[in-house]
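Here the structure comes first, spelled out in structure tokens, and everything after it is commentary.
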Amino acid sequence: MLSKVVIMAGSFEPKHTASKLTLDDIIRFNTTVLEATRSILERRAGTLYTIHLLRMQFYLGDESIFIGQAVANTIATQKVASIEFTILTKVRKNCTNDDLLTYGRQFMSFFDSCPNTFGCLARLTLENLRLGESDFPKIFSICKQPEFLILYDCDMGIQSSLEVEHPQLSELAIVCGCFKRVHLKWAPKLTILKFNFRSQDDPFCLGYVPLLQTVSIINTAFSWHKMLKLSELLGKTAISNLHLNSKSEKIWVKPEGRRQLLPVFHKLRIVNLLNISAECDLTWTMFLLQGAPNLKELRILVLDHLCEMVTGELRKMCPFSEEKDKGLQWEPFASDLKHHNLAKLSIYGNFQAEDKFVSYARSVMEAAVNLEEIKLYKSPVCRKCKHMLQEWTLEEKSSLSYKINNGMPSLVRIHFPSLGQVL
């Protein structure tokens, strides 16, 4: 009677071997997944109960074909509403070109052996594949059902271009990879686009995406990366949620005026500006208030996250910009700017440069005449730096509250929430 069946290779994977898997490990894990799949699914044959979700995670290998065939048999004999595949590779990070090509060939062999299975998937997550020029069009033509497609470090070669046409796709995430550009030519149901790019040009081009609501862009910019104009990048869309992540490096968004931004930002409600380097000023972000009159919530994370940044000798070998706000030229926002819809401002940071945060909060308060609350958080941490997690002291709360509200025409509620968990 189970309505949700989840079988994941990670359930059988010893933690101490996870980063150094051998071919024998892959065979053992996949064999266990195959046995579990057959044991669970074949015993349900003839049942009237629907499997509302079948979620599978396994490694790419010779056994993948048998797993795909077991799922195909289930599709043919039972009622299955939704199927999700996450297909892992032996080497998870820092793959060589040979690794990518090998995994690409392995995947297409698997794909060609189980077209009926792939044709019924609702969600597909792939990683570390370098495919041929005709492979992605082939995948899109057979996989007509997926609503969610996630590609980690997948491409068709360095500086390749990807064209996407899909009738059902509602969420697309492209993380890394060597695509020069992705053209979303026709995706009538796409609502969420997540993009982590390396190209120095506009990373994607939007065609027919009438339902697009949420755009998330991550870029670790080098000194030679050009500044992106959101008005040009987002084209004729009218999104409601925008998430921009600078990964503690150079700011890569070019502030624009109200006239340029209003066509794409007139429905914008929520903005997250993540991992702005502590070296950068925050005043430039005010261009969002000028261009997004219906903005309700603005969240800003100021963080130099050393756990994720390139440091030491390796950093010297990379063309990172030493001035992280270099080229960030903008016209100061009008002193008479009044924004009537912004209700919430959240700022995450270490607040060591307290004056910068106080000045920014007061600038937002002056512009946002109906601002209801400000939430100030200490910097979030990851599992590597969780020992650095800090909480507010009573003295810090009193000092910041006074400095932000002092002399302002109307007081705004200022909260100092605890992070409460490792983030």
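Labels used: A, B, ... for chains in the order of the structure tokens, numbers from 1 for residues in each chain, and numbers from 1 for ligands as shown.
For A:Ser240, the list of residues within 6 Å, based on only C-alpha atoms and with local chain neighbours fewer than 3 positions off taken out, reads Gln213, Lys267, Leu268 and Arg269 of chain A.
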Quick one: write out the picked residues with all heavy atoms as a compact mmCIF listing (two decimals), in the first residue's frame?
# COMPACT_ATOMS: atom_id res chain seq x y z
N GLN A 213 8.62 32.92 -13.37
CA GLN A 213 8.41 33.71 -12.17
C GLN A 213 9.68 33.93 -11.35
O GLN A 213 9.87 34.99 -10.78
CB GLN A 213 7.36 33.02 -11.28
CG GLN A 213 5.97 32.95 -11.89
CD GLN A 213 5.35 34.32 -12.04
OE1 GLN A 213 5.38 35.13 -11.12
NE2 GLN A 213 4.80 34.60 -13.21
N LYS A 267 6.60 43.51 -11.70
CA LYS A 267 5.92 42.52 -10.86
C LYS A 267 6.84 41.93 -9.79
O LYS A 267 6.42 41.05 -9.03
CB LYS A 267 5.38 41.38 -11.73
CG LYS A 267 4.24 41.78 -12.65
CD LYS A 267 3.70 40.57 -13.40
CE LYS A 267 2.53 40.96 -14.31
NZ LYS A 267 2.00 39.77 -15.03
N LEU A 268 8.06 42.44 -9.70
CA LEU A 268 9.04 41.88 -8.78
C LEU A 268 8.61 42.10 -7.33
O LEU A 268 8.30 43.23 -6.92
CB LEU A 268 10.40 42.52 -9.03
CG LEU A 268 11.61 41.87 -8.36
CD1 LEU A 268 11.79 40.43 -8.84
CD2 LEU A 268 12.88 42.68 -8.65
N ARG A 269 8.60 41.01 -6.53
CA ARG A 269 8.17 41.08 -5.14
C ARG A 269 9.28 40.77 -4.14
O ARG A 269 9.32 41.36 -3.06
CB ARG A 269 7.01 40.10 -4.90
CG ARG A 269 5.76 40.34 -5.72
CD ARG A 269 5.06 41.62 -5.31
NE ARG A 269 3.76 41.77 -5.98
CZ ARG A 269 3.59 42.32 -7.16
NH1 ARG A 269 4.64 42.79 -7.84
NH2 ARG A 269 2.39 42.43 -7.70
Check: Could you pull the residues within 9 Å of A:Ala361, counting only C-alpha atoms, minus those fewer than 3 positions along the same chain, as JSON, numbers by chain?
Finding: {"A": [345, 347, 356, 357, 358, 364, 365, 366, 374, 404]}
Please report as JSON lines every residue of stretch 42-81 of chain A lying within 10 Å of stretch 30-34 of chain A, along with the nearest atom pair and their distance in Å (one decimal), using only C-alpha atoms.
{"residue": "A:Met56", "atom": "CA", "partner": "A:Val33", "partner_atom": "CA", "distance": 8.6}
{"residue": "A:Gln57", "atom": "CA", "partner": "A:Val33", "partner_atom": "CA", "distance": 8.4}
{"residue": "A:Phe58", "atom": "CA", "partner": "A:Asn30", "partner_atom": "CA", "distance": 6.1}
{"residue": "A:Tyr59", "atom": "CA", "partner": "A:Asn30", "partner_atom": "CA", "distance": 6.4}
{"residue": "A:Leu60", "atom": "CA", "partner": "A:Asn30", "partner_atom": "CA", "distance": 8.5}
{"residue": "A:Gly61", "atom": "CA", "partner": "A:Asn30", "partner_atom": "CA", "distance": 8.0}
{"residue": "A:Asp62", "atom": "CA", "partner": "A:Asn30", "partner_atom": "CA", "distance": 9.0}
{"residue": "A:Glu63", "atom": "CA", "partner": "A:Asn30", "partner_atom": "CA", "distance": 6.2}
{"residue": "A:Ser64", "atom": "CA", "partner": "A:Asn30", "partner_atom": "CA", "distance": 7.2}
{"residue": "A:Ile65", "atom": "CA", "partner": "A:Leu34", "partner_atom": "CA", "distance": 9.9}
{"residue": "A:Phe66", "atom": "CA", "partner": "A:Leu34", "partner_atom": "CA", "distance": 7.2}
{"residue": "A:Ile67", "atom": "CA", "partner": "A:Leu34", "partner_atom": "CA", "distance": 5.4}
{"residue": "A:Gly68", "atom": "CA", "partner": "A:Leu34", "partner_atom": "CA", "distance": 9.2}
{"residue": "A:Gln69", "atom": "CA", "partner": "A:Leu34", "partner_atom": "CA", "distance": 9.9}
{"residue": "A:Ala70", "atom": "CA", "partner": "A:Leu34", "partner_atom": "CA", "distance": 7.8}
{"residue": "A:Val71", "atom": "CA", "partner": "A:Leu34", "partner_atom": "CA", "distance": 9.8}
Checklist line | Selected residue of minimal separation from A:Tyr377 among A:Cys95, A:Leu301, A:Leu337, A:Ile217, counting only C-alpha atoms | finding: A:Leu301
Next item on the list: Return the single residue from A:Leu295, A:Leu389, A:Ala36, A:Leu169 that is closest to A:Leu371, with distances computed using only C-alpha atoms.
Entry: A:Leu295
Taking the chain letters and numbering used in this document, name the residues of stretch 250-383 of chain A that DSSP puts in strand (DSSP E or B), as an mmCIF file with C-alpha atoms, in the first residue's frame.
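Output below, filename out.cif:
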data_model
loop_
_atom_site.group_PDB
_atom_site.id
_atom_site.type_symbol
_atom_site.label_atom_id
_atom_site.label_comp_id
_atom_site.auth_asym_id
_atom_site.auth_seq_id
_atom_site.Cartn_x
_atom_site.Cartn_y
_atom_site.Cartn_z
ATOM 1 C CA VAL A 253 25.312 43.155 -12.000
ATOM 2 C CA ILE A 270 11.185 39.382 -3.544
ATOM 3 C CA VAL A 271 14.921 39.959 -4.110
ATOM 4 C CA ASN A 272 17.807 38.044 -2.533
ATOM 5 C CA LEU A 273 21.315 39.463 -3.020
ATOM 6 C CA LEU A 274 23.643 36.761 -1.739
ATOM 7 C CA ASN A 275 27.330 36.621 -0.836
ATOM 8 C CA ILE A 276 28.197 40.248 -1.457
ATOM 9 C CA GLU A 297 10.962 42.088 0.572
ATOM 10 C CA LEU A 298 14.695 42.650 0.163
ATOM 11 C CA ARG A 299 17.247 40.262 1.675
ATOM 12 C CA ILE A 300 20.997 40.915 1.578
ATOM 13 C CA LEU A 301 23.793 38.587 2.674
ATOM 14 C CA VAL A 302 27.194 40.235 3.116
ATOM 15 C CA HIS A 339 9.086 53.504 -2.398
ATOM 16 C CA LYS A 344 10.680 43.932 4.973
ATOM 17 C CA LEU A 345 14.458 44.366 4.886
ATOM 18 C CA SER A 346 16.727 41.529 6.055
ATOM 19 C CA ILE A 347 20.499 41.899 6.340
ATOM 20 C CA TYR A 348 22.933 39.083 7.138
ATOM 21 C CA GLY A 349 26.531 39.965 7.993
ATOM 22 C CA ALA A 368 10.752 52.979 1.841
ATOM 23 C CA GLU A 373 10.461 45.763 9.922
ATOM 24 C CA ILE A 374 14.188 45.243 9.643
ATOM 25 C CA LYS A 375 15.740 41.907 10.539
ATOM 26 C CA LEU A 376 19.466 41.808 11.292
ATOM 27 C CA TYR A 377 21.216 38.441 11.368
ATOM 28 C CA LYS A 378 24.764 37.460 12.209
#
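Our summary of the geometry notes that atom CA of A:Lys247 is positioned 17.8 Å from atom CA of A:Asp202.
Take the candidates A:Lys185, A:Arg258, A:Arg362, A:Arg383 and check each one against A:Pro167 using only C-alpha atoms; the shortest distance goes to A:Lys185.
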Next item on the list: Determine which residues of stretch 160-365 of chain A receive a DSSP assignment of helix (DSSP H, G or I), computed from the backbone, and state them as a PyMOL selection string.
Entry: chain A and resi 230-233+258-265+283-291+312-316+354-365
Next item on the list: Determine, counting only C-alpha atoms, which protein, DNA and RNA residues have an atom within 10 Å of an atom of A:Ala278; residues of the same chain fewer than 5 positions away are not included. Present the result as a VMD selection string.
Entry: chain A and resid 248 to 249 301 to 305 324 349 to 353 356
Notebook entry, point to check: What lies within 10 Å of A:Phe320 using only C-alpha atoms, ignoring chain neighbours under 6 positions off, as a PyMOL selection string?
Noted result: chain A and resi 220-225+249-250+310
